[in-house]
Amino acid sequence: MLMLLIESGPVHTCGRILGAVDRYPPFQQRHPMKAWTQNSLPQAQPSTRRSPTRSDGCRITPSAVAAAERAAPASSAQQQGQQDPLLLRAVRGEKVQRPPVWMMRQAGRYMKTYQDLCKKHPSFRERSEVPDLAVEVSLQPWEAFRPDGVILFSDILTPLAGMNIPFDIAGGEGPVIYDPIRTMEAVKQVTTLEPQESTPFVGEALTRLREEVGNQATVLGFVGAPFTLASYIVEGGSSKNYTHIKRLAFAQPEVLHALLTKLADNIAKYVQYQADTGAQVVQIFDSWASELSPQDFDIFSAPYIKQIVDTVRQSHPDLVLILYISGSGGLLERMTIPKPDVISVDQRVDMRDALRRIGDGFAVQGNMDPGVLFGSREAVEQRVIDTVRSAQGTRHIMNLGHGVLVGTPEDNVAHFFEVAKSVHERL
């Protein structure tokens, strides 16, 4: 999946946002609870076991565990729908046994089942825009690993067609914007997004995912942030140096701000649509915001993300919003400005340092290096434990610091989930 972000609104002076709306406090303040701590966990001796074994000595694989979980009857609370999924409870700060776990790009090219499906359906847009296929791909990791979050298989560029911005995702080439937008006249051609008309397949897929997983897992949607989306739209696709959008930012900033404003308005509507059709959490990807200097992030990214957050909070105050920026080490403090509920930390930052810099009032997500999944089972286990321990005492969602990489051994992904879901027995 590609990742992007957008927002617009307040005026900035000397790095401070003026006119920012502060009426909507972080999720924990709206739902005050306690964070999970070591004292809330069952006291168990550290374990070096790999997987449980049956009486005949055969190792029980994560897939077998998932199958057993599917066959097991639901608890009375689950049957009555009285208990929210673990991820939601953890973000609220309720007492939970362990941090919830899911994985960015958990549905995708490293899985054999996905590779087989791609042979029958080679078009990415077909796989992500036909509800039957999008649901099937989204559920592949759910069937295999039983993560605590099931994220929709889609792309951050998906809503662009509904804004009169034609695009495609070409195999081997990545995203292609057929008519890059670099003038005010072109910006005026960007239309208002009506998600229920232009992306009904997204709503259908989210609804079906909620029906499939029930309260056993949290259903996540996602969107691109305005600046990241604008990067693709202005550059015409992926870029190494971001020459065109930076030329626009520093030579014709009024054009870029006009584009970002439209994108923020439309993406806010897209988030609301995802929430209305089944998403319990929406992650905002500002993948390329780290290409901006901190002072330019304050001007071209943060205010537009905040516009989205503020708009969504007015209509969906209980929707959990996660903000992720790849390479965000220089921006962590600034990621708090839009006031998301969760700040997703990438692997280039020590989690303890990140927590100190972010401060109170936010849950955190991350941040294991996805490269560790190419290592030994022991390395994967130790790094999961280290990551959970580094965030202990906070509202933490266990995840990678970036999406799982192509070629990652599927067995190691299974082991990642197995360890994370039994980490309270290993600390």
# chains A, B, ... in the order shown; residues from 1 in each chain; ligands from 1
call {"tool": "select_by_dssp", "arguments": {"residues": "region 175-260 of chain A", "states": "alpha helix (DSSP H)", "output": "number ranges by chain"}}
result
A: 184-188, 195-198, 200-213, 226-235, 243-251, 253-260
call {"tool": "select_by_dssp", "arguments": {"residues": "region 155-207 of chain A", "states": "strand (DSSP E or B)", "output": "MDAnalysis selection string"}}
result
chainID A and resid 167:170 174:177
call {"tool": "closest_residue", "arguments": {"among": "A:Ala225, A:Arg247, A:Asp276, A:Val91", "to": "Pro338 (chain A)", "atoms": "only C-alpha atoms"}}
result
A:Ala225
call {"tool": "residues_around", "arguments": {"residues": "Pro370 (chain A)", "least_positions_apart": "6", "cutoff": "12 Å", "atoms": "only C-alpha atoms", "output": "count of residues only"}}
result
25
call {"tool": "residues_around", "arguments": {"residues": "Ile284 (chain A)", "least_positions_apart": "5", "cutoff": "8 Å", "atoms": "only C-alpha atoms", "output": "list in words"}}
result
Leu4, Leu5, Phe222, Val223, Gly224, Ala225, Leu321, Ile322, Leu323 and Tyr324 of chain A
call {"tool": "write_last_selection", "arguments": {"atoms": "all heavy atoms", "output": "CSV table (one decimal), in the first residue's frame"}}
result
chain,number,residue,atom,x,y,z
A,4,LEU,N,0.0,8.4,2.3
A,4,LEU,CA,0.0,9.8,2.0
A,4,LEU,C,-0.7,10.6,3.1
A,4,LEU,O,-1.5,10.0,3.8
A,4,LEU,CB,-0.5,10.1,0.7
A,4,LEU,CG,0.3,9.5,-0.5
A,4,LEU,CD1,-0.7,9.4,-1.7
A,4,LEU,CD2,1.4,10.4,-0.9
A,5,LEU,N,-0.6,11.9,3.2
A,5,LEU,CA,-1.3,12.7,4.1
A,5,LEU,C,-1.7,14.1,3.6
A,5,LEU,O,-0.9,14.7,2.8
A,5,LEU,CB,-0.5,12.9,5.4
A,5,LEU,CG,-1.0,12.1,6.6
A,5,LEU,CD1,0.2,11.4,7.2
A,5,LEU,CD2,-1.4,13.1,7.6
A,222,PHE,N,-7.8,3.7,6.2
A,222,PHE,CA,-6.7,4.7,6.2
A,222,PHE,C,-6.8,5.6,5.0
A,222,PHE,O,-7.6,5.4,4.1
A,222,PHE,CB,-5.4,3.9,6.0
A,222,PHE,CG,-5.2,3.2,4.7
A,222,PHE,CD1,-4.5,3.8,3.7
A,222,PHE,CD2,-5.6,1.9,4.5
A,222,PHE,CE1,-4.2,3.2,2.5
A,222,PHE,CE2,-5.4,1.3,3.3
A,222,PHE,CZ,-4.7,1.9,2.3
A,223,VAL,N,-6.1,6.7,5.1
A,223,VAL,CA,-6.1,7.8,4.1
A,223,VAL,C,-4.7,8.4,4.0
A,223,VAL,O,-3.9,8.2,4.9
A,223,VAL,CB,-7.1,8.9,4.5
A,223,VAL,CG1,-8.5,8.4,4.6
A,223,VAL,CG2,-6.7,9.6,5.8
A,224,GLY,N,-4.5,9.0,2.9
A,224,GLY,CA,-3.3,9.8,2.7
A,224,GLY,C,-3.4,11.2,3.2
A,224,GLY,O,-4.5,11.8,3.1
A,225,ALA,N,-2.4,11.7,3.8
A,225,ALA,CA,-2.5,13.1,4.3
A,225,ALA,C,-2.3,14.1,3.1
A,225,ALA,O,-1.8,13.7,2.0
A,225,ALA,CB,-1.4,13.4,5.3
A,321,LEU,N,-8.0,8.1,15.6
A,321,LEU,CA,-7.1,8.6,14.5
A,321,LEU,C,-5.7,8.4,14.8
A,321,LEU,O,-5.2,8.8,15.9
A,321,LEU,CB,-7.4,10.1,14.2
A,321,LEU,CG,-8.8,10.4,13.8
A,321,LEU,CD1,-9.0,11.9,13.7
A,321,LEU,CD2,-9.2,9.7,12.5
A,322,ILE,N,-5.0,7.7,13.9
A,322,ILE,CA,-3.5,7.4,14.1
A,322,ILE,C,-2.8,8.3,13.0
A,322,ILE,O,-3.2,8.3,11.9
A,322,ILE,CB,-3.2,5.9,13.9
A,322,ILE,CG1,-4.0,5.1,14.8
A,322,ILE,CG2,-1.7,5.7,14.0
A,322,ILE,CD1,-3.8,3.6,14.6
A,323,LEU,N,-1.7,8.9,13.4
A,323,LEU,CA,-0.9,9.6,12.5
A,323,LEU,C,0.5,8.9,12.3
A,323,LEU,O,1.2,8.7,13.3
A,323,LEU,CB,-0.7,11.1,13.0
A,323,LEU,CG,0.3,11.9,12.1
A,323,LEU,CD1,-0.2,12.0,10.7
A,323,LEU,CD2,0.4,13.3,12.7
A,324,TYR,N,0.8,8.6,11.1
A,324,TYR,CA,2.1,8.0,10.8
A,324,TYR,C,2.9,8.8,9.7
A,324,TYR,O,2.3,9.2,8.7
A,324,TYR,CB,1.9,6.6,10.2
A,324,TYR,CG,3.2,5.9,9.8
A,324,TYR,CD1,4.1,5.4,10.7
A,324,TYR,CD2,3.6,5.9,8.4
A,324,TYR,CE1,5.3,4.8,10.3
A,324,TYR,CE2,4.8,5.4,8.0
A,324,TYR,CZ,5.6,4.8,8.9
A,324,TYR,OH,6.8,4.3,8.5
call {"tool": "atom_distance", "arguments": {"atom1": "CA of Ala289 (chain A)", "atom2": "CA of Ile325 (chain A)"}}
result
6.6 Å
call {"tool": "closest_residue", "arguments": {"among": "A:Glu381, A:Asp148, A:Asp265, A:Asp386", "to": "Val281 (chain A)", "atoms": "only C-alpha atoms"}}
result
A:Asp148
call {"tool": "residues_around", "arguments": {"residues": "Met351 (chain A)", "least_positions_apart": "3", "cutoff": "10 Å", "atoms": "only C-alpha atoms", "output": "PyMOL selection string"}}
result
chain A and resi 345-348+354-357+364-368+386-391
call {"tool": "closest_residue", "arguments": {"among": "A:Val419, A:Ala144, A:Met163, A:Val309", "to": "Arg98 (chain A)", "atoms": "only C-alpha atoms"}}
result
A:Val419
call {"tool": "residues_around", "arguments": {"residues": "Tyr178 (chain A)", "least_positions_apart": "4", "cutoff": "7 Å", "atoms": "only C-alpha atoms", "output": "list in words"}}
result
Pro166, Phe167 and Gly236 of chain A
call {"tool": "residues_around", "arguments": {"residues": "Met335 (chain A)", "least_positions_apart": "4", "cutoff": "9 Å", "atoms": "only C-alpha atoms", "output": "PDB file with N, CA, C and O atoms, in the first residue's frame"}}
result
ATOM      1  N   ALA A 302       1.260  20.084   8.810  1.00  0.00           N
ATOM      2  CA  ALA A 302       0.557  20.004  10.096  1.00  0.00           C
ATOM      3  C   ALA A 302      -0.811  20.678  10.105  1.00  0.00           C
ATOM      4  O   ALA A 302      -1.792  20.103  10.593  1.00  0.00           O
ATOM      5  N   LEU A 323      -1.701   8.882  13.414  1.00  0.00           N
ATOM      6  CA  LEU A 323      -0.874   9.634  12.469  1.00  0.00           C
ATOM      7  C   LEU A 323       0.473   8.939  12.315  1.00  0.00           C
ATOM      8  O   LEU A 323       1.171   8.679  13.300  1.00  0.00           O
ATOM      9  N   TYR A 324       0.832   8.637  11.069  1.00  0.00           N
ATOM     10  CA  TYR A 324       2.117   7.994  10.774  1.00  0.00           C
ATOM     11  C   TYR A 324       2.879   8.811   9.739  1.00  0.00           C
ATOM     12  O   TYR A 324       2.320   9.210   8.706  1.00  0.00           O
ATOM     13  N   ILE A 325       4.153   9.048  10.019  1.00  0.00           N
ATOM     14  CA  ILE A 325       5.057   9.696   9.070  1.00  0.00           C
ATOM     15  C   ILE A 325       6.319   8.852   9.002  1.00  0.00           C
ATOM     16  O   ILE A 325       6.952   8.581  10.031  1.00  0.00           O
ATOM     17  N   SER A 328      10.161  10.049  10.681  1.00  0.00           N
ATOM     18  CA  SER A 328       9.615  11.173  11.434  1.00  0.00           C
ATOM     19  C   SER A 328      10.478  11.629  12.608  1.00  0.00           C
ATOM     20  O   SER A 328      10.015  12.421  13.429  1.00  0.00           O
ATOM     21  N   LEU A 331      10.428  15.187  13.462  1.00  0.00           N
ATOM     22  CA  LEU A 331       9.108  15.826  13.493  1.00  0.00           C
ATOM     23  C   LEU A 331       8.233  15.370  14.655  1.00  0.00           C
ATOM     24  O   LEU A 331       7.077  15.777  14.752  1.00  0.00           O
ATOM     25  N   LYS A 339      -3.091  16.853  17.031  1.00  0.00           N
ATOM     26  CA  LYS A 339      -3.805  16.143  18.097  1.00  0.00           C
ATOM     27  C   LYS A 339      -4.467  14.848  17.637  1.00  0.00           C
ATOM     28  O   LYS A 339      -5.679  14.614  17.878  1.00  0.00           O
ATOM     29  N   PRO A 340      -3.713  13.944  16.991  1.00  0.00           N
ATOM     30  CA  PRO A 340      -4.278  12.620  16.733  1.00  0.00           C
ATOM     31  C   PRO A 340      -4.392  11.860  18.051  1.00  0.00           C
ATOM     32  O   PRO A 340      -3.816  12.267  19.065  1.00  0.00           O
ATOM     33  N   ILE A 343       0.131   8.358  17.942  1.00  0.00           N
ATOM     34  CA  ILE A 343       1.269   8.730  17.101  1.00  0.00           C
ATOM     35  C   ILE A 343       2.064   7.466  16.813  1.00  0.00           C
ATOM     36  O   ILE A 343       2.527   6.788  17.730  1.00  0.00           O
ATOM     37  N   ILE A 358       7.228  13.084  22.751  1.00  0.00           N
ATOM     38  CA  ILE A 358       5.810  13.237  22.447  1.00  0.00           C
ATOM     39  C   ILE A 358       5.048  13.777  23.652  1.00  0.00           C
ATOM     40  O   ILE A 358       4.138  14.600  23.521  1.00  0.00           O
TER      41      ILE A 358
END
call {"tool": "closest_residue", "arguments": {"among": "A:Gln216, A:Gln83, A:Gln115, A:Ser315", "to": "Tyr273 (chain A)", "atoms": "only C-alpha atoms"}}
result
A:Ser315
call {"tool": "atom_distance", "arguments": {"atom1": "CA of Ile397 (chain A)", "atom2": "CA of Pro99 (chain A)"}}
result
5.5 Å
